[in-house]
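Okay, structure first, notes after.
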Amino acid sequence: ISVGPPPQTMTVIYDTGSSNLWVPDAKPSFFSSHSIYKSSDSSTYVANGSTFAIEYGSGPVSGVYSRDDVSIGEFELENYLFAEVDDTSGLGIGYKLGKFDGICGLAWPMISVDGVPTPLQAMVESGEMEEEVFAFYLGDETDGELLFGGVDEDHYTGDFAYVPVSQESYWEVTLDALLIDGVAEGNCTKAIIDSGTSLLAGPPTDVEAIATAVGATANAVGEYIVDCDATGVPVTFTLGGNEFSLELSEMLIESSGTCLLAIQGIDIPAPNGPLWILGDVFMRKYYVKFDIANAQIGIALSTAGSSLNALA
């Protein structure tokens with residue numbers, strides 16, 4: 001994205017699990033390679049100064065709100081209210097070493113911190129979106145693509161299976177069933193499709209059952225190690241009456257000859273949980289269309305291939 005004129009370009013995570021846009025106005029360290037926003041360099045900056053604070057699964061960030069012209073791809077958002085963040089320490093080493101500068105949330109207004117208009121609301125209200133949809137293609141050893149205003153037929157095969165959004169907060173849908181080798185497991189009834197989460201995450205008892213079924217064992221830090229040559233069993237998520245399966249090979253991260261199961265346990269209490277987070281592991285195999293106008297998600301088989309070794 002870029003902010004200002006003259007345009008100050010920064011790299012963001014496009015996150016369907018949050019709803020605010022922030023960019024940094026300070027580097028986490030002297031040697032950091034992160035790009036930062038300098039309001040003094042922009043001719044359209046308007047001070048706001050209200051405090052901004054948001055908590056992600058990986059930690060908190062904080063700063064202040066400001067207004068400026070923001071460009072997201074070809075979309076121009078004039079005088080947009082965003083946050084400039086000066087404290088990213090809560091994200092730890094993941095941010096210091098990460099290749100992203102900020103985060104652009106693509107979820108619903110319900111979870112926008114302080115109720116500020118979301119980037120998607122601003123894009124829709126601009127009238128520039130051909131359709132009120134966006135779609136993710138996560139490449140495997142190739143560039144990925146986020147398309148606003150439609151879908152790219154070159155990046156999926158077959159037809160979309162549509163699943164209604166059950167709550168307009170995250171991109172949340174009803175989980176009909178979790179199947180391990182065709183056998184139902186657990187009683188979790190919620191799932192979110194979250195581009196901002198690298199792995200799959202679910203109730204710890206469900207994750208432990210999957211690990212047992214594929215022969216994985218936990219290490220000292222709670223990661224599951226599995227034989228890189230294991231065949232395992234498929235894990236299937238039933239959404240909207242449609243089954244979306246992942247083979248063991250599609251749920252592995254290989255690093256230095258060791259294979260980790262790309263699933264982690266996460267205990268989210270009611271009323272928000274328990275839930276499954278279907279992150280990039282799921283979205284690498286499946287092309288996902290986020291339909292704002294009809295409050296639904298379309299899922300089709302991606303052309304990216306199914307090997308997850310690119311995550312290593």
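If you're wondering about the labels, chains in the structure tokens are A, B, ... by order shown, residues count from 1 in each chain, ligands from 1 in order shown.
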Write out as a PDB file with N, CA, C and O atoms, in the first residue's frame the residues lying within 12 Å of stretch 248-250 of chain A, counting only C-alpha atoms and excluding same-chain residues fewer than 4 positions away.
```pdb
ATOM      1  N   ASP A 140       2.410 -21.550  -4.404  1.00  0.00           N
ATOM      2  CA  ASP A 140       3.332 -22.519  -3.816  1.00  0.00           C
ATOM      3  C   ASP A 140       4.651 -22.386  -4.564  1.00  0.00           C
ATOM      4  O   ASP A 140       4.770 -22.834  -5.701  1.00  0.00           O
ATOM      5  N   ILE A 180     -11.637 -37.057  10.896  1.00  0.00           N
ATOM      6  CA  ILE A 180     -10.281 -37.587  10.839  1.00  0.00           C
ATOM      7  C   ILE A 180     -10.370 -38.973  10.232  1.00  0.00           C
ATOM      8  O   ILE A 180     -10.949 -39.882  10.821  1.00  0.00           O
ATOM      9  N   ASP A 181      -9.857 -39.103   9.011  1.00  0.00           N
ATOM     10  CA  ASP A 181      -9.983 -40.351   8.260  1.00  0.00           C
ATOM     11  C   ASP A 181     -11.442 -40.788   8.169  1.00  0.00           C
ATOM     12  O   ASP A 181     -11.778 -41.958   8.298  1.00  0.00           O
ATOM     13  N   LEU A 199      -0.949 -21.094  10.123  1.00  0.00           N
ATOM     14  CA  LEU A 199      -1.222 -22.518  10.273  1.00  0.00           C
ATOM     15  C   LEU A 199      -2.711 -22.782  10.352  1.00  0.00           C
ATOM     16  O   LEU A 199      -3.542 -21.908  10.089  1.00  0.00           O
ATOM     17  N   LEU A 200      -3.059 -24.002  10.732  1.00  0.00           N
ATOM     18  CA  LEU A 200      -4.399 -24.343  11.195  1.00  0.00           C
ATOM     19  C   LEU A 200      -4.360 -24.292  12.718  1.00  0.00           C
ATOM     20  O   LEU A 200      -3.350 -24.659  13.334  1.00  0.00           O
ATOM     21  N   ILE A 210      -5.882 -35.365  16.075  1.00  0.00           N
ATOM     22  CA  ILE A 210      -5.277 -35.382  14.740  1.00  0.00           C
ATOM     23  C   ILE A 210      -3.825 -35.843  14.824  1.00  0.00           C
ATOM     24  O   ILE A 210      -3.377 -36.690  14.046  1.00  0.00           O
ATOM     25  N   ALA A 211      -3.095 -35.296  15.790  1.00  0.00           N
ATOM     26  CA  ALA A 211      -1.683 -35.656  15.950  1.00  0.00           C
ATOM     27  C   ALA A 211      -1.530 -37.152  16.213  1.00  0.00           C
ATOM     28  O   ALA A 211      -0.658 -37.813  15.638  1.00  0.00           O
ATOM     29  N   ALA A 213      -3.614 -39.496  15.322  1.00  0.00           N
ATOM     30  CA  ALA A 213      -4.021 -40.250  14.137  1.00  0.00           C
ATOM     31  C   ALA A 213      -2.927 -40.292  13.074  1.00  0.00           C
ATOM     32  O   ALA A 213      -2.829 -41.263  12.324  1.00  0.00           O
ATOM     33  N   VAL A 214      -2.098 -39.244  13.015  1.00  0.00           N
ATOM     34  CA  VAL A 214      -1.054 -39.205  11.980  1.00  0.00           C
ATOM     35  C   VAL A 214       0.308 -39.635  12.536  1.00  0.00           C
ATOM     36  O   VAL A 214       1.303 -39.605  11.816  1.00  0.00           O
ATOM     37  N   GLY A 215       0.328 -40.037  13.800  1.00  0.00           N
ATOM     38  CA  GLY A 215       1.574 -40.520  14.386  1.00  0.00           C
ATOM     39  C   GLY A 215       2.543 -39.436  14.785  1.00  0.00           C
ATOM     40  O   GLY A 215       3.760 -39.669  14.857  1.00  0.00           O
ATOM     41  N   ALA A 216       2.042 -38.236  15.074  1.00  0.00           N
ATOM     42  CA  ALA A 216       2.909 -37.127  15.478  1.00  0.00           C
ATOM     43  C   ALA A 216       3.114 -37.135  16.989  1.00  0.00           C
ATOM     44  O   ALA A 216       2.236 -37.563  17.747  1.00  0.00           O
ATOM     45  N   VAL A 226       6.480 -35.069  13.092  1.00  0.00           N
ATOM     46  CA  VAL A 226       5.968 -36.245  12.398  1.00  0.00           C
ATOM     47  C   VAL A 226       7.013 -36.696  11.365  1.00  0.00           C
ATOM     48  O   VAL A 226       7.782 -35.875  10.845  1.00  0.00           O
ATOM     49  N   ASP A 227       7.032 -37.980  11.098  1.00  0.00           N
ATOM     50  CA  ASP A 227       7.928 -38.553  10.091  1.00  0.00           C
ATOM     51  C   ASP A 227       7.617 -37.928   8.730  1.00  0.00           C
ATOM     52  O   ASP A 227       6.474 -37.949   8.270  1.00  0.00           O
ATOM     53  N   CYS A 228       8.639 -37.369   8.109  1.00  0.00           N
ATOM     54  CA  CYS A 228       8.430 -36.694   6.821  1.00  0.00           C
ATOM     55  C   CYS A 228       7.915 -37.642   5.742  1.00  0.00           C
ATOM     56  O   CYS A 228       7.320 -37.204   4.744  1.00  0.00           O
ATOM     57  N   ASP A 229       8.147 -38.944   5.906  1.00  0.00           N
ATOM     58  CA  ASP A 229       7.713 -39.922   4.908  1.00  0.00           C
ATOM     59  C   ASP A 229       6.388 -40.580   5.271  1.00  0.00           C
ATOM     60  O   ASP A 229       5.915 -41.466   4.545  1.00  0.00           O
ATOM     61  N   ALA A 230       5.788 -40.154   6.379  1.00  0.00           N
ATOM     62  CA  ALA A 230       4.525 -40.771   6.806  1.00  0.00           C
ATOM     63  C   ALA A 230       3.418 -40.456   5.802  1.00  0.00           C
ATOM     64  O   ALA A 230       3.392 -39.382   5.193  1.00  0.00           O
ATOM     65  N   THR A 231       2.517 -41.405   5.637  1.00  0.00           N
ATOM     66  CA  THR A 231       1.384 -41.194   4.734  1.00  0.00           C
ATOM     67  C   THR A 231       0.198 -40.583   5.465  1.00  0.00           C
ATOM     68  O   THR A 231      -0.518 -39.754   4.918  1.00  0.00           O
ATOM     69  N   GLY A 232      -0.018 -40.982   6.729  1.00  0.00           N
ATOM     70  CA  GLY A 232      -1.051 -40.367   7.540  1.00  0.00           C
ATOM     71  C   GLY A 232      -2.454 -40.594   7.027  1.00  0.00           C
ATOM     72  O   GLY A 232      -2.703 -41.466   6.172  1.00  0.00           O
ATOM     73  N   VAL A 233      -3.376 -39.819   7.568  1.00  0.00           N
ATOM     74  CA  VAL A 233      -4.780 -39.901   7.186  1.00  0.00           C
ATOM     75  C   VAL A 233      -5.283 -38.493   6.877  1.00  0.00           C
ATOM     76  O   VAL A 233      -4.724 -37.508   7.356  1.00  0.00           O
ATOM     77  N   PRO A 234      -6.332 -38.385   6.066  1.00  0.00           N
ATOM     78  CA  PRO A 234      -6.848 -37.052   5.729  1.00  0.00           C
ATOM     79  C   PRO A 234      -7.645 -36.434   6.875  1.00  0.00           C
ATOM     80  O   PRO A 234      -8.266 -37.135   7.674  1.00  0.00           O
ATOM     81  N   VAL A 235      -7.599 -35.120   6.934  1.00  0.00           N
ATOM     82  CA  VAL A 235      -8.416 -34.338   7.855  1.00  0.00           C
ATOM     83  C   VAL A 235      -9.388 -33.525   7.005  1.00  0.00           C
ATOM     84  O   VAL A 235      -8.976 -32.854   6.051  1.00  0.00           O
ATOM     85  N   THR A 236     -10.665 -33.606   7.356  1.00  0.00           N
ATOM     86  CA  THR A 236     -11.703 -32.991   6.527  1.00  0.00           C
ATOM     87  C   THR A 236     -12.537 -32.022   7.353  1.00  0.00           C
ATOM     88  O   THR A 236     -12.983 -32.347   8.455  1.00  0.00           O
ATOM     89  N   GLU A 254       8.420 -28.583   6.444  1.00  0.00           N
ATOM     90  CA  GLU A 254       9.722 -29.250   6.519  1.00  0.00           C
ATOM     91  C   GLU A 254      10.816 -28.217   6.738  1.00  0.00           C
ATOM     92  O   GLU A 254      10.896 -27.208   6.030  1.00  0.00           O
ATOM     93  N   CYS A 259      10.035 -32.570  10.092  1.00  0.00           N
ATOM     94  CA  CYS A 259       8.713 -32.140   9.661  1.00  0.00           C
ATOM     95  C   CYS A 259       7.832 -31.826  10.862  1.00  0.00           C
ATOM     96  O   CYS A 259       7.683 -32.637  11.782  1.00  0.00           O
ATOM     97  N   LEU A 260       7.257 -30.643  10.827  1.00  0.00           N
ATOM     98  CA  LEU A 260       6.313 -30.206  11.849  1.00  0.00           C
ATOM     99  C   LEU A 260       4.904 -30.296  11.290  1.00  0.00           C
ATOM    100  O   LEU A 260       4.653 -29.983  10.123  1.00  0.00           O
ATOM    101  N   LEU A 261       3.978 -30.705  12.148  1.00  0.00           N
ATOM    102  CA  LEU A 261       2.572 -30.684  11.782  1.00  0.00           C
ATOM    103  C   LEU A 261       2.093 -29.240  11.871  1.00  0.00           C
ATOM    104  O   LEU A 261       2.244 -28.593  12.904  1.00  0.00           O
ATOM    105  N   ALA A 262       1.541 -28.727  10.790  1.00  0.00           N
ATOM    106  CA  ALA A 262       1.189 -27.307  10.699  1.00  0.00           C
ATOM    107  C   ALA A 262      -0.167 -27.032  11.346  1.00  0.00           C
ATOM    108  O   ALA A 262      -1.030 -26.357  10.772  1.00  0.00           O
ATOM    109  N   ILE A 263      -0.336 -27.543  12.535  1.00  0.00           N
ATOM    110  CA  ILE A 263      -1.567 -27.361  13.297  1.00  0.00           C
ATOM    111  C   ILE A 263      -1.178 -27.059  14.735  1.00  0.00           C
ATOM    112  O   ILE A 263      -0.274 -27.697  15.282  1.00  0.00           O
ATOM    113  N   ASP A 280      -3.473 -20.104   6.437  1.00  0.00           N
ATOM    114  CA  ASP A 280      -2.853 -20.209   5.117  1.00  0.00           C
ATOM    115  C   ASP A 280      -2.633 -21.650   4.664  1.00  0.00           C
ATOM    116  O   ASP A 280      -2.567 -21.914   3.457  1.00  0.00           O
ATOM    117  N   VAL A 281      -2.521 -22.580   5.595  1.00  0.00           N
ATOM    118  CA  VAL A 281      -2.402 -23.996   5.216  1.00  0.00           C
ATOM    119  C   VAL A 281      -3.634 -24.418   4.418  1.00  0.00           C
ATOM    120  O   VAL A 281      -3.530 -25.096   3.391  1.00  0.00           O
ATOM    121  N   PHE A 282      -4.808 -24.003   4.888  1.00  0.00           N
ATOM    122  CA  PHE A 282      -6.064 -24.298   4.186  1.00  0.00           C
ATOM    123  C   PHE A 282      -6.152 -23.484   2.896  1.00  0.00           C
ATOM    124  O   PHE A 282      -6.501 -24.007   1.828  1.00  0.00           O
ATOM    125  N   MET A 283      -5.795 -22.200   2.974  1.00  0.00           N
ATOM    126  CA  MET A 283      -5.962 -21.303   1.834  1.00  0.00           C
ATOM    127  C   MET A 283      -4.922 -21.543   0.737  1.00  0.00           C
ATOM    128  O   MET A 283      -5.073 -21.038  -0.373  1.00  0.00           O
ATOM    129  N   ARG A 284      -3.885 -22.301   1.032  1.00  0.00           N
ATOM    130  CA  ARG A 284      -2.931 -22.654  -0.025  1.00  0.00           C
ATOM    131  C   ARG A 284      -3.541 -23.712  -0.958  1.00  0.00           C
ATOM    132  O   ARG A 284      -3.314 -23.694  -2.170  1.00  0.00           O
ATOM    133  N   LYS A 285      -4.316 -24.614  -0.393  1.00  0.00           N
ATOM    134  CA  LYS A 285      -4.945 -25.648  -1.230  1.00  0.00           C
ATOM    135  C   LYS A 285      -6.228 -25.136  -1.885  1.00  0.00           C
ATOM    136  O   LYS A 285      -6.565 -25.530  -3.010  1.00  0.00           O
ATOM    137  N   TYR A 286      -6.930 -24.254  -1.181  1.00  0.00           N
ATOM    138  CA  TYR A 286      -8.231 -23.794  -1.667  1.00  0.00           C
ATOM    139  C   TYR A 286      -8.221 -22.300  -1.973  1.00  0.00           C
ATOM    140  O   TYR A 286      -7.755 -21.485  -1.172  1.00  0.00           O
ATOM    141  N   ALA A 304      -2.691 -23.895  -7.213  1.00  0.00           N
ATOM    142  CA  ALA A 304      -1.338 -23.746  -6.667  1.00  0.00           C
ATOM    143  C   ALA A 304      -0.657 -25.074  -6.404  1.00  0.00           C
ATOM    144  O   ALA A 304       0.539 -25.121  -6.163  1.00  0.00           O
ATOM    145  N   GLY A 305      -1.396 -26.172  -6.404  1.00  0.00           N
ATOM    146  CA  GLY A 305      -0.813 -27.443  -6.002  1.00  0.00           C
ATOM    147  C   GLY A 305      -0.995 -27.619  -4.515  1.00  0.00           C
ATOM    148  O   GLY A 305      -1.445 -26.733  -3.806  1.00  0.00           O
ATOM    149  N   SER A 306      -0.655 -28.776  -4.010  1.00  0.00           N
ATOM    150  CA  SER A 306      -0.999 -29.087  -2.630  1.00  0.00           C
ATOM    151  C   SER A 306       0.195 -29.261  -1.704  1.00  0.00           C
ATOM    152  O   SER A 306       0.030 -29.547  -0.533  1.00  0.00           O
ATOM    153  N   SER A 307       1.427 -29.097  -2.224  1.00  0.00           N
ATOM    154  CA  SER A 307       2.580 -29.267  -1.345  1.00  0.00           C
ATOM    155  C   SER A 307       2.782 -28.049  -0.469  1.00  0.00           C
ATOM    156  O   SER A 307       2.759 -26.919  -0.938  1.00  0.00           O
ATOM    157  N   LEU A 308       2.958 -28.268   0.817  1.00  0.00           N
ATOM    158  CA  LEU A 308       3.180 -27.166   1.744  1.00  0.00           C
ATOM    159  C   LEU A 308       4.652 -26.977   2.078  1.00  0.00           C
ATOM    160  O   LEU A 308       4.998 -26.197   2.952  1.00  0.00           O
ATOM    161  N   ASN A 309       5.540 -27.666   1.386  1.00  0.00           N
ATOM    162  CA  ASN A 309       6.954 -27.535   1.704  1.00  0.00           C
ATOM    163  C   ASN A 309       7.461 -26.114   1.479  1.00  0.00           C
ATOM    164  O   ASN A 309       8.494 -25.723   2.012  1.00  0.00           O
ATOM    165  N   ALA A 310       6.691 -25.330   0.680  1.00  0.00           N
ATOM    166  CA  ALA A 310       7.100 -23.951   0.429  1.00  0.00           C
ATOM    167  C   ALA A 310       7.056 -23.118   1.699  1.00  0.00           C
ATOM    168  O   ALA A 310       7.646 -22.044   1.761  1.00  0.00           O
ATOM    169  N   LEU A 311       6.350 -23.585   2.718  1.00  0.00           N
ATOM    170  CA  LEU A 311       6.266 -22.830   3.963  1.00  0.00           C
ATOM    171  C   LEU A 311       7.525 -22.976   4.792  1.00  0.00           C
ATOM    172  O   LEU A 311       7.714 -22.264   5.765  1.00  0.00           O
TER     173      LEU A 311
END
```
Which of stretch 146-300 of chain A end up as alpha helix (DSSP H) when DSSP is run on this backbone - answer as a compact mmCIF listing (two decimals) with N, CA, C and O atoms, in the first residue's frame?
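Written output follows (states03.txt):
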```txt
# COMPACT_ATOMS: atom_id res chain seq x y z
N PRO A 204 -7.60 -27.73 21.52
CA PRO A 204 -6.47 -28.62 21.81
C PRO A 204 -6.81 -30.10 21.76
O PRO A 204 -5.98 -30.91 21.30
N THR A 205 -8.01 -30.49 22.20
CA THR A 205 -8.35 -31.91 22.18
C THR A 205 -8.51 -32.41 20.74
O THR A 205 -8.11 -33.55 20.43
N ASP A 206 -9.05 -31.58 19.86
CA ASP A 206 -9.17 -31.95 18.44
C ASP A 206 -7.79 -32.08 17.81
O ASP A 206 -7.52 -33.02 17.05
N VAL A 207 -6.92 -31.12 18.12
CA VAL A 207 -5.56 -31.13 17.55
C VAL A 207 -4.80 -32.36 18.03
O VAL A 207 -4.09 -33.01 17.26
N GLU A 208 -4.95 -32.70 19.30
CA GLU A 208 -4.27 -33.87 19.84
C GLU A 208 -4.77 -35.14 19.15
O GLU A 208 -3.97 -36.05 18.86
N ALA A 209 -6.07 -35.20 18.85
CA ALA A 209 -6.62 -36.36 18.16
C ALA A 209 -6.04 -36.49 16.76
O ALA A 209 -5.73 -37.60 16.30
N ILE A 210 -5.88 -35.36 16.08
CA ILE A 210 -5.28 -35.38 14.74
C ILE A 210 -3.83 -35.84 14.82
O ILE A 210 -3.38 -36.69 14.05
N ALA A 211 -3.10 -35.30 15.79
CA ALA A 211 -1.68 -35.66 15.95
C ALA A 211 -1.53 -37.15 16.21
O ALA A 211 -0.66 -37.81 15.64
N THR A 212 -2.39 -37.68 17.05
CA THR A 212 -2.34 -39.12 17.35
C THR A 212 -2.62 -39.94 16.10
O THR A 212 -1.95 -40.94 15.82
N ALA A 213 -3.61 -39.50 15.32
CA ALA A 213 -4.02 -40.25 14.14
C ALA A 213 -2.93 -40.29 13.07
O ALA A 213 -2.83 -41.26 12.32
N ASP A 280 -3.47 -20.10 6.44
CA ASP A 280 -2.85 -20.21 5.12
C ASP A 280 -2.63 -21.65 4.66
O ASP A 280 -2.57 -21.91 3.46
N VAL A 281 -2.52 -22.58 5.60
CA VAL A 281 -2.40 -24.00 5.22
C VAL A 281 -3.63 -24.42 4.42
O VAL A 281 -3.53 -25.10 3.39
N PHE A 282 -4.81 -24.00 4.89
CA PHE A 282 -6.06 -24.30 4.19
C PHE A 282 -6.15 -23.48 2.90
O PHE A 282 -6.50 -24.01 1.83
N MET A 283 -5.79 -22.20 2.97
CA MET A 283 -5.96 -21.30 1.83
C MET A 283 -4.92 -21.54 0.74
O MET A 283 -5.07 -21.04 -0.37
N ARG A 284 -3.89 -22.30 1.03
CA ARG A 284 -2.93 -22.65 -0.02
C ARG A 284 -3.54 -23.71 -0.96
O ARG A 284 -3.31 -23.69 -2.17
N LYS A 285 -4.32 -24.61 -0.39
CA LYS A 285 -4.95 -25.65 -1.23
C LYS A 285 -6.23 -25.14 -1.88
O LYS A 285 -6.56 -25.53 -3.01
```
Find the residues around A:Gly158 up to 8 Å (only C-alpha atoms counted), leave out those fewer than 2 positions away in its own chain, and share them as a ChimeraX atom specification.
/A:156,160,300-301
I want to know what sits within 9 Å of A:Val116, based on only C-alpha atoms, with residues of the same chain fewer than 2 positions away left out; could you give that as a list in words?
Ser19, Asn20, Leu81, Phe82, Pro109, Ser112, Val113, Asp114 and Thr118 of chain A
Distance atom CA of A:Glu125-atom CA of A:Glu168, one decimal place?
18.0 Å
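When the distance limit is 10 Å and only C-alpha atoms are what count, the residues near A:Gly150, minus those fewer than 3 positions from it on the same chain, are Met129, Glu130, Glu131, Glu132, Val133, Phe134, Ala135, Leu146, Leu147, Glu153, Lys289, Phe290 and Asp291 of chain A.
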Atoms kept (all heavy atoms) for selection, written as a compact mmCIF listing (two decimals), in the first residue's frame:
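Result file follows (selection-v2.txt):
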```txt
# COMPACT_ATOMS: atom_id res chain seq x y z
N MET A 129 -15.09 -0.75 -6.92
CA MET A 129 -15.06 -2.21 -6.99
C MET A 129 -16.11 -2.71 -7.96
O MET A 129 -17.29 -2.40 -7.84
CB MET A 129 -15.30 -2.81 -5.60
CG MET A 129 -14.18 -2.57 -4.62
SD MET A 129 -14.42 -3.40 -3.02
CE MET A 129 -14.09 -5.11 -3.48
N GLU A 130 -15.67 -3.47 -8.94
CA GLU A 130 -16.59 -4.00 -9.95
C GLU A 130 -17.63 -4.92 -9.31
O GLU A 130 -18.81 -4.88 -9.64
CB GLU A 130 -15.80 -4.76 -11.01
CG GLU A 130 -16.65 -5.23 -12.19
CD GLU A 130 -15.80 -5.83 -13.30
OE1 GLU A 130 -14.60 -5.52 -13.38
OE2 GLU A 130 -16.35 -6.63 -14.09
N GLU A 131 -17.17 -5.77 -8.39
CA GLU A 131 -18.04 -6.57 -7.56
C GLU A 131 -17.57 -6.42 -6.12
O GLU A 131 -16.39 -6.20 -5.86
CB GLU A 131 -17.97 -8.06 -7.94
CG GLU A 131 -18.46 -8.43 -9.30
CD GLU A 131 -18.32 -9.94 -9.52
OE1 GLU A 131 -19.08 -10.71 -8.89
OE2 GLU A 131 -17.43 -10.33 -10.29
N GLU A 132 -18.50 -6.56 -5.18
CA GLU A 132 -18.13 -6.43 -3.77
C GLU A 132 -17.59 -7.76 -3.26
O GLU A 132 -18.15 -8.42 -2.39
CB GLU A 132 -19.33 -5.96 -2.95
CG GLU A 132 -19.75 -4.53 -3.26
CD GLU A 132 -20.92 -4.07 -2.43
OE1 GLU A 132 -21.15 -4.63 -1.34
OE2 GLU A 132 -21.63 -3.14 -2.87
N VAL A 133 -16.48 -8.17 -3.84
CA VAL A 133 -15.81 -9.43 -3.45
C VAL A 133 -14.31 -9.21 -3.52
O VAL A 133 -13.81 -8.28 -4.17
CB VAL A 133 -16.21 -10.61 -4.38
CG1 VAL A 133 -17.70 -10.83 -4.41
CG2 VAL A 133 -15.67 -10.40 -5.78
N PHE A 134 -13.57 -10.09 -2.83
CA PHE A 134 -12.12 -10.17 -3.01
C PHE A 134 -11.74 -11.62 -2.87
O PHE A 134 -12.48 -12.43 -2.28
CB PHE A 134 -11.37 -9.28 -2.03
CG PHE A 134 -11.56 -9.61 -0.58
CD1 PHE A 134 -10.66 -10.41 0.11
CD2 PHE A 134 -12.64 -9.09 0.13
CE1 PHE A 134 -10.83 -10.70 1.46
CE2 PHE A 134 -12.83 -9.38 1.48
CZ PHE A 134 -11.93 -10.19 2.14
N ALA A 135 -10.60 -12.00 -3.43
CA ALA A 135 -10.23 -13.41 -3.47
C ALA A 135 -8.72 -13.57 -3.32
O ALA A 135 -7.94 -12.78 -3.83
CB ALA A 135 -10.69 -14.05 -4.78
N LEU A 146 -3.88 -11.29 -4.44
CA LEU A 146 -5.12 -10.84 -3.79
C LEU A 146 -5.82 -9.95 -4.79
O LEU A 146 -5.26 -8.92 -5.20
CB LEU A 146 -4.82 -10.09 -2.50
CG LEU A 146 -5.98 -9.33 -1.86
CD1 LEU A 146 -7.14 -10.26 -1.54
CD2 LEU A 146 -5.52 -8.59 -0.61
N LEU A 147 -7.00 -10.33 -5.20
CA LEU A 147 -7.75 -9.60 -6.21
C LEU A 147 -8.99 -8.98 -5.58
O LEU A 147 -9.82 -9.69 -5.00
CB LEU A 147 -8.15 -10.53 -7.36
CG LEU A 147 -8.94 -9.90 -8.51
CD1 LEU A 147 -8.12 -8.83 -9.21
CD2 LEU A 147 -9.38 -10.96 -9.51
N GLU A 153 -9.95 -16.55 -12.75
CA GLU A 153 -10.27 -17.91 -13.16
C GLU A 153 -9.02 -18.75 -13.44
O GLU A 153 -9.10 -19.98 -13.48
CB GLU A 153 -11.19 -17.89 -14.39
CG GLU A 153 -12.56 -17.29 -14.10
CD GLU A 153 -13.47 -17.30 -15.32
OE1 GLU A 153 -12.98 -17.71 -16.41
OE2 GLU A 153 -14.64 -16.92 -15.19
N LYS A 289 -12.94 -17.07 -2.08
CA LYS A 289 -13.62 -15.85 -2.51
C LYS A 289 -14.44 -15.32 -1.34
O LYS A 289 -15.31 -16.01 -0.82
CB LYS A 289 -14.53 -16.18 -3.70
CG LYS A 289 -15.48 -15.06 -4.14
CD LYS A 289 -16.39 -15.59 -5.24
CE LYS A 289 -17.43 -14.57 -5.68
NZ LYS A 289 -18.34 -15.13 -6.72
N PHE A 290 -14.15 -14.10 -0.94
CA PHE A 290 -14.86 -13.46 0.17
C PHE A 290 -15.90 -12.51 -0.42
O PHE A 290 -15.55 -11.48 -1.01
CB PHE A 290 -13.88 -12.71 1.07
CG PHE A 290 -12.87 -13.61 1.76
CD1 PHE A 290 -11.71 -14.00 1.11
CD2 PHE A 290 -13.09 -14.06 3.05
CE1 PHE A 290 -10.78 -14.82 1.73
CE2 PHE A 290 -12.17 -14.88 3.69
CZ PHE A 290 -11.02 -15.27 3.03
N ASP A 291 -17.16 -12.88 -0.28
CA ASP A 291 -18.27 -12.17 -0.92
C ASP A 291 -18.93 -11.24 0.10
O ASP A 291 -19.69 -11.69 0.96
CB ASP A 291 -19.27 -13.19 -1.46
CG ASP A 291 -20.37 -12.58 -2.32
OD1 ASP A 291 -20.65 -11.37 -2.15
OD2 ASP A 291 -20.96 -13.30 -3.13
```
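Counting only C-alpha atoms, A:Gln296 has the following residues at most 9 Å away, ignoring those fewer than 6 positions along the same chain: Tyr162, Val163, Pro164, Val165, Ser166, Trp171, Val173, Lys289 and Phe290 of chain A.
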